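Asker: What follows is run_22.tsv, TSV, C-alpha atoms.
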chain	number	residue	atom	x	y	z
D	544	ARG	CA	-26.93	80.68	-19.19
D	545	SER	CA	-23.51	81.90	-18.17
D	546	LEU	CA	-20.36	80.37	-19.65
D	547	ASN	CA	-22.45	77.55	-21.15
D	548	ILE	CA	-23.08	76.09	-17.67
D	549	LEU	CA	-26.49	74.56	-17.08
D	550	ASP	CA	-28.25	75.52	-13.86
D	551	TYR	CA	-28.57	72.89	-11.09
D	552	ASP	CA	-32.33	73.45	-11.16
D	553	TYR	CA	-32.63	71.76	-14.55
D	554	TYR	CA	-30.90	68.62	-13.32
D	555	PHE	CA	-32.99	68.50	-10.14
D	556	ARG	CA	-36.17	69.01	-12.17
D	557	LEU	CA	-35.18	66.29	-14.66
D	558	MET	CA	-34.38	63.85	-11.89
D	559	ASP	CA	-37.71	64.56	-10.18
D	560	GLN	CA	-39.47	63.88	-13.50
D	561	ILE	CA	-37.53	60.63	-13.92
D	562	LEU	CA	-38.35	59.52	-10.38
D	563	GLU	CA	-42.02	60.25	-11.07
D	564	LYS	CA	-41.77	58.25	-14.34
D	565	LYS	CA	-42.84	61.25	-16.43
D	566	VAL	CA	-40.92	60.46	-19.61
D	567	PRO	CA	-42.79	62.99	-21.82
D	568	GLU	CA	-41.92	65.76	-19.34
D	569	VAL	CA	-38.29	64.62	-19.39
D	570	MET	CA	-38.30	64.95	-23.19
D	571	VAL	CA	-39.89	68.42	-23.02
D	572	THR	CA	-37.36	69.62	-20.44
D	573	LEU	CA	-34.50	68.18	-22.49
D	574	GLY	CA	-35.88	69.92	-25.59
D	575	GLU	CA	-36.04	73.19	-23.65
D	576	ILE	CA	-32.40	72.80	-22.59
D	577	LEU	CA	-31.19	71.98	-26.10
D	578	SER	CA	-33.22	74.81	-27.63
D	579	LYS	CA	-31.33	77.25	-25.39
D	580	GLY	CA	-28.16	76.28	-27.21
D	581	PHE	CA	-26.68	73.77	-24.83
D	582	GLU	CA	-24.85	70.95	-26.59
D	583	GLY	CA	-26.10	67.44	-25.90
D	584	GLY	CA	-22.64	66.23	-24.91
D	585	HIS	CA	-22.28	68.93	-22.27
D	586	PHE	CA	-25.78	68.20	-21.02
D	587	ILE	CA	-25.18	64.44	-20.63
D	588	SER	CA	-21.85	65.09	-18.91
D	589	GLY	CA	-23.57	67.48	-16.49
D	590	PHE	CA	-26.38	65.01	-15.85
D	591	ALA	CA	-23.82	62.28	-15.12
D	592	SER	CA	-22.18	64.64	-12.61
D	593	HIS	CA	-25.59	65.18	-11.02
D	594	LEU	CA	-26.05	61.40	-10.69
D	595	ARG	CA	-22.55	61.09	-9.22
D	596	ASP	CA	-23.33	63.77	-6.64
D	597	LEU	CA	-26.54	61.95	-5.71
D	598	LEU	CA	-24.43	58.85	-5.05
D	599	MET	CA	-21.98	60.88	-2.96
D	600	CYS	CA	-24.89	62.07	-0.79
D	601	ARG	CA	-25.94	58.55	0.08
D	602	ASP	CA	-22.98	58.02	2.44
D	603	GLU	CA	-21.61	60.54	4.94
D	604	ARG	CA	-18.05	59.37	4.21
D	605	THR	CA	-18.33	60.54	0.58
D	606	LEU	CA	-19.99	63.91	1.30
D	607	PRO	CA	-16.62	65.72	1.39
D	608	LEU	CA	-16.08	64.63	-2.24
D	609	MET	CA	-18.88	66.96	-3.35
D	610	GLU	CA	-17.81	70.35	-4.60
D	611	VAL	CA	-21.05	72.30	-4.16
D	612	ALA	CA	-22.42	74.87	-1.74
D	613	GLU	CA	-23.97	73.65	1.51
D	614	SER	CA	-27.49	74.67	0.41
D	615	VAL	CA	-27.10	72.63	-2.78
D	616	LYS	CA	-25.84	69.65	-0.76
D	617	GLU	CA	-29.12	69.70	1.14
D	618	ARG	CA	-31.07	69.52	-2.13
D	619	TYR	CA	-28.90	66.62	-3.26
D	620	ALA	CA	-29.40	64.82	0.05
D	621	ALA	CA	-33.18	65.18	-0.20
D	622	GLN	CA	-33.27	63.90	-3.78
D	623	ALA	CA	-30.76	61.11	-3.06
D	624	LYS	CA	-33.10	59.67	-0.43
D	625	ARG	CA	-35.60	59.00	-3.22
D	626	CYS	CA	-33.07	57.14	-5.39
D	627	ASP	CA	-32.06	53.50	-5.20
D	628	ALA	CA	-28.28	52.99	-5.46
D	629	LYS	CA	-28.66	50.34	-8.19
D	630	PHE	CA	-30.70	52.78	-10.25
D	631	LEU	CA	-28.06	55.49	-9.86
D	632	TYR	CA	-25.27	53.09	-10.91
D	633	ARG	CA	-27.25	51.98	-13.97
D	634	ALA	CA	-28.12	55.58	-14.90
D	635	LEU	CA	-24.47	56.60	-14.55
D	636	LYS	CA	-23.41	53.76	-16.84
D	637	LEU	CA	-26.00	54.78	-19.44
D	638	CYS	CA	-24.80	58.40	-19.34
D	639	ASN	CA	-21.17	57.32	-19.57
D	640	ASP	CA	-21.95	55.11	-22.58
D	641	CYS	CA	-23.75	58.05	-24.20
D	642	ASP	CA	-20.78	60.31	-23.52
D	643	LEU	CA	-18.38	57.77	-25.07
D	644	ASN	CA	-20.56	57.36	-28.19
D	645	TYR	CA	-21.50	61.03	-28.59
D	646	ARG	CA	-18.71	62.08	-30.97
D	647	ALA	CA	-19.30	59.18	-33.35
D	648	ALA	CA	-23.10	59.46	-33.36
D	649	SER	CA	-24.65	60.68	-36.61
D	650	ASN	CA	-27.76	61.86	-34.73
D	651	LYS	CA	-26.42	63.23	-31.47
D	652	ARG	CA	-29.75	64.56	-30.23
D	653	LEU	CA	-31.41	61.17	-30.70
D	654	LEU	CA	-28.59	59.49	-28.77
D	655	VAL	CA	-29.11	61.86	-25.83
D	656	GLU	CA	-32.90	61.46	-25.98
D	657	LEU	CA	-32.66	57.66	-26.04
D	658	THR	CA	-30.25	57.74	-23.13
D	659	MET	CA	-32.66	59.82	-21.07
D	660	ILE	CA	-35.52	57.44	-21.92
D	661	GLN	CA	-33.33	54.49	-20.87
D	662	VAL	CA	-32.45	56.26	-17.62
D	663	ALA	CA	-36.14	56.78	-16.89
D	664	GLN	CA	-36.87	53.13	-17.67
D	665	ALA	CA	-33.98	51.93	-15.49
D	666	LEU	CA	-36.23	52.57	-12.49
D	667	ASP	CA	-38.44	49.64	-13.53
D	668	GLU	CA	-35.71	47.05	-13.93
D	669	ASP	CA	-35.66	44.19	-11.42
D	670	ASP	CA	-31.90	44.27	-11.06
D	671	ALA	CA	-30.67	47.49	-12.59
D	672	GLY	CA	-27.06	46.66	-11.79
D	673	CYS	CA	-26.42	43.60	-13.93
D	674	GLY	CA	-28.99	43.43	-16.72
D	675	ARG	CA	-29.00	39.62	-16.67
D	676	ARG	CA	-32.66	39.07	-15.86
D	677	PRO	CA	-35.47	39.73	-18.31
D	678	SER	CA	-37.44	42.87	-17.58
D	679	LYS	CA	-40.96	42.79	-16.17
D	680	ILE	CA	-42.24	43.40	-19.68
D	681	LEU	CA	-40.38	40.40	-21.11
D	682	LYS	CA	-41.28	37.86	-18.42
D	683	PRO	CA	-44.97	37.58	-19.46
D	684	LEU	CA	-43.87	37.41	-23.09
D	685	PHE	CA	-41.53	34.49	-22.37
D	686	ALA	CA	-44.29	32.73	-20.41
D	687	ALA	CA	-46.73	33.15	-23.32
D	688	ILE	CA	-44.17	31.82	-25.81
D	689	LYS	CA	-43.45	28.81	-23.59
D	690	LYS	CA	-47.18	28.08	-23.32
D	691	VAL	CA	-47.67	28.26	-27.10
D	692	VAL	CA	-44.62	26.10	-27.78
D	693	THR	CA	-45.77	23.53	-25.22
D	694	GLU	CA	-49.31	23.40	-26.62
D	695	VAL	CA	-48.08	23.13	-30.22
D	696	ALA	CA	-45.45	20.56	-29.34
D	697	LYS	CA	-47.73	18.23	-27.30
D	698	PRO	CA	-49.53	16.68	-30.30
D	699	GLN	CA	-46.26	16.34	-32.21
D	700	VAL	CA	-44.52	14.72	-29.23
D	701	ALA	CA	-47.49	12.38	-28.69
D	702	ALA	CA	-47.42	11.38	-32.38
D	703	ALA	CA	-43.67	10.77	-32.23
D	704	VAL	CA	-44.03	8.63	-29.10
D	705	ALA	CA	-46.81	6.63	-30.78
D	706	ASP	CA	-44.58	6.11	-33.84
D	707	VAL	CA	-41.72	4.89	-31.64
D	708	ARG	CA	-44.03	2.52	-29.77
D	709	THR	CA	-45.44	1.20	-33.04
D	710	ALA	CA	-41.96	0.68	-34.44
D	711	ALA	CA	-40.82	-1.02	-31.24
D	712	SER	CA	-43.83	-3.37	-31.19
D	713	ASN	CA	-43.29	-4.25	-34.90
D	714	GLU	CA	-39.68	-5.15	-34.16
D	715	GLN	CA	-40.74	-7.43	-31.32
D	716	MET	CA	-43.00	-9.43	-33.60
In structure tokens, how does this file's structure come out?

Answerer:
Amino acid sequence: RSLNILDYDYYFRLMDQILEKKVPEVMVTLGEILSKGFEGGHFISGFASHLRDLLMCRDERTLPLMEVAESVKERYAAQAKRCDAKFLYRALKLCNDCDLNYRAASNKRLLVELTMIQVAQALDEDDAGCGRRPSKILKPLFAAIKKVVTEVAKPQVAAAVADVRTAASNEQM
């Protein structure tokens, strides 16, 4: 650790773990980084820069915006090929939100850990860019709730319809 700058290798390793959906390994690596004395705010800022550089690698027009050695650009290009743009945008937003909330957080480590878990889970979202659709986990839950409500409501609706019919036939007499 020189000048409190985290090595590129950590960010590449973390991103590989995220892409492989290895959340426990992400937490262990993050713990290793923090135990070496790196502040969570600096870490999340560096990880956001890593995500930004992955985005820059996705288009040849934005490659000149990267300020890294040519050999590092090649590593970014290889990792960027494995990343969906929507995922990278969502992950960047999560890191930016964490960065904005970091100073005010009473448990800064927990905020960073939750952010990294959310980044790892952002891979599984149907539409990582907008967050308007329920996740894959919620869809079956909503279907089950609808089924229960429908089954419970059927007898009540049938009874209400029968009551209305009875009342209507009594009025006709």

Asker: Which is closest to Lys629 in chain D among D:Arg595, D:Ala665, D:Leu608, D:Thr658, if we use only C-alpha atoms?

Answerer: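 Checking each of D:Arg595, D:Ala665, D:Leu608, D:Thr658 against Lys629 in chain D, counting only C-alpha atoms, the winner is D:Ala665.
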
Asker: So that I can see what lies close to Ala623 in chain D, please list as a list in words the residues with an atom at most 12 Å from it, counting all atoms listed in the file and leaving out residues fewer than 5 positions away in the same chain.

Answerer: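 Near Ala623 in chain D, the qualifying residues are Phe555, Met558, Asp559, Leu562, His593, Leu594, Arg595, Asp596, Leu597, Leu598, Met599, Cys600, Arg601, Asp602, Leu606, Lys616, Glu617, Arg618, Ala628, Phe630 and Leu631 of chain D.
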
Asker: Could you check how far CA of Cys641 in chain D sits from CA of Thr605 in chain D, in Å to one decimal?

Answerer: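 About the pair CA of Cys641 in chain D and CA of Thr605 in chain D: they are 25.5 Å apart.
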
Asker: Could you jot down the CA of Tyr645 in chain D to CA of Ile587 in chain D separation for me, Å, one decimal place?

Answerer: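 Those two atoms sit 9.4 Å apart.
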
Asker: Name all residues at most 9 Å from Ala634 in chain D (count only C-alpha atoms; drop same-chain ones fewer than 6 positions away) and give them as a list of chain:residue names.

Answerer: D:Ala591, D:Leu594, D:Thr658, D:Met659, D:Gln661, D:Val662, D:Ala663, D:Ala665, D:Leu666, D:Ala671

Asker: Of the candidates D:Glu563, D:Glu582, D:Asp667, D:Asp550, which one gets nearest to Arg633 in chain D if we count only C-alpha atoms?

Answerer: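 The answer is D:Asp667, which sits nearest to Arg633 in chain D.
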
Asker: Taking into account all atoms listed in the file, which residue in the set D:Ser614, D:Gln622, D:Asn650, D:Ser592 is nearest to Lys636 in chain D?

Answerer: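 When distances to Lys636 in chain D are compared using all atoms listed in the file, the smallest one comes from D:Ser592.
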
Asker: Go through D:Val566, D:Ile561, D:Val655, D:Leu549 and flag the residue nearest Leu643 in chain D, using all atoms listed in the file for the distances.

Answerer: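 Distance minimum relative to Leu643 in chain D lands on D:Val655.
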
Asker: Please report the interatomic distance between CA of Phe590 in chain D and CA of Cys638 in chain D in Å with one decimal.

Answerer: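 Here the two named atoms are 7.6 Å from each other.
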
Asker: Using only C-alpha atoms, can you tell me which of D:Ala710, D:Leu654, D:Val615, D:Cys626 comes closest to Phe586 in chain D?

Answerer: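 The answer is D:Leu654, which sits nearest to Phe586 in chain D.
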
Asker: Some atoms are missing, so please complete range 603-632 of chain D with N, CA and C atoms and return it as a compact mmCIF listing (two decimals), in the frame of the given file.

Answerer:
# COMPACT_ATOMS: atom_id res chain seq x y z
N GLU D 603 -22.26 59.38 4.30
CA GLU D 603 -21.61 60.54 4.94
C GLU D 603 -20.11 60.57 4.67
N ARG D 604 -19.50 59.42 4.47
CA ARG D 604 -18.05 59.37 4.21
C ARG D 604 -17.69 60.00 2.87
N THR D 605 -18.63 59.99 1.91
CA THR D 605 -18.33 60.54 0.58
C THR D 605 -18.82 61.98 0.41
N LEU D 606 -19.52 62.52 1.39
CA LEU D 606 -19.99 63.91 1.30
C LEU D 606 -18.86 64.91 1.04
N PRO D 607 -17.69 64.75 1.66
CA PRO D 607 -16.62 65.72 1.39
C PRO D 607 -16.15 65.73 -0.08
N LEU D 608 -16.48 64.69 -0.84
CA LEU D 608 -16.08 64.63 -2.24
C LEU D 608 -16.93 65.55 -3.13
N MET D 609 -18.01 66.06 -2.59
CA MET D 609 -18.88 66.96 -3.35
C MET D 609 -18.31 68.37 -3.33
N GLU D 610 -18.35 69.00 -4.48
CA GLU D 610 -17.81 70.35 -4.60
C GLU D 610 -18.93 71.33 -4.91
N VAL D 611 -19.90 71.40 -4.00
CA VAL D 611 -21.05 72.30 -4.16
C VAL D 611 -21.30 73.02 -2.85
N ALA D 612 -22.07 74.10 -2.93
CA ALA D 612 -22.42 74.87 -1.74
C ALA D 612 -23.27 74.03 -0.79
N GLU D 613 -23.25 74.40 0.48
CA GLU D 613 -23.97 73.65 1.51
C GLU D 613 -25.47 73.58 1.21
N SER D 614 -26.05 74.66 0.72
CA SER D 614 -27.49 74.67 0.41
C SER D 614 -27.81 73.70 -0.72
N VAL D 615 -26.90 73.57 -1.67
CA VAL D 615 -27.10 72.63 -2.78
C VAL D 615 -26.93 71.20 -2.28
N LYS D 616 -26.02 70.98 -1.35
CA LYS D 616 -25.84 69.65 -0.76
C LYS D 616 -27.13 69.16 -0.13
N GLU D 617 -27.85 70.06 0.51
CA GLU D 617 -29.12 69.70 1.14
C GLU D 617 -30.14 69.26 0.10
N ARG D 618 -30.16 69.92 -1.05
CA ARG D 618 -31.07 69.52 -2.13
C ARG D 618 -30.68 68.14 -2.65
N TYR D 619 -29.37 67.93 -2.81
CA TYR D 619 -28.90 66.62 -3.26
C TYR D 619 -29.28 65.54 -2.27
N ALA D 620 -29.09 65.81 -0.99
CA ALA D 620 -29.40 64.82 0.05
C ALA D 620 -30.88 64.45 0.01
N ALA D 621 -31.74 65.44 -0.15
CA ALA D 621 -33.18 65.18 -0.20
C ALA D 621 -33.54 64.34 -1.42
N GLN D 622 -32.95 64.67 -2.57
CA GLN D 622 -33.27 63.90 -3.78
C GLN D 622 -32.64 62.51 -3.72
N ALA D 623 -31.45 62.40 -3.15
CA ALA D 623 -30.76 61.11 -3.06
C ALA D 623 -31.54 60.10 -2.23
N LYS D 624 -32.29 60.56 -1.25
CA LYS D 624 -33.10 59.67 -0.43
C LYS D 624 -34.17 58.97 -1.25
N ARG D 625 -34.55 59.57 -2.36
CA ARG D 625 -35.60 59.00 -3.22
C ARG D 625 -35.04 58.06 -4.27
N CYS D 626 -33.72 57.92 -4.33
CA CYS D 626 -33.07 57.14 -5.39
C CYS D 626 -32.45 55.86 -4.85
N ASP D 627 -32.70 54.76 -5.52
CA ASP D 627 -32.06 53.50 -5.20
C ASP D 627 -30.63 53.51 -5.77
N ALA D 628 -29.68 52.99 -5.02
CA ALA D 628 -28.28 52.99 -5.46
C ALA D 628 -28.11 52.25 -6.78
N LYS D 629 -28.78 51.10 -6.94
CA LYS D 629 -28.66 50.34 -8.19
C LYS D 629 -29.13 51.16 -9.38
N PHE D 630 -30.21 51.91 -9.18
CA PHE D 630 -30.70 52.78 -10.25
C PHE D 630 -29.65 53.83 -10.60
N LEU D 631 -29.06 54.44 -9.60
CA LEU D 631 -28.06 55.49 -9.86
C LEU D 631 -26.84 54.92 -10.59
N TYR D 632 -26.40 53.71 -10.21
CA TYR D 632 -25.27 53.09 -10.91
C TYR D 632 -25.62 52.82 -12.38
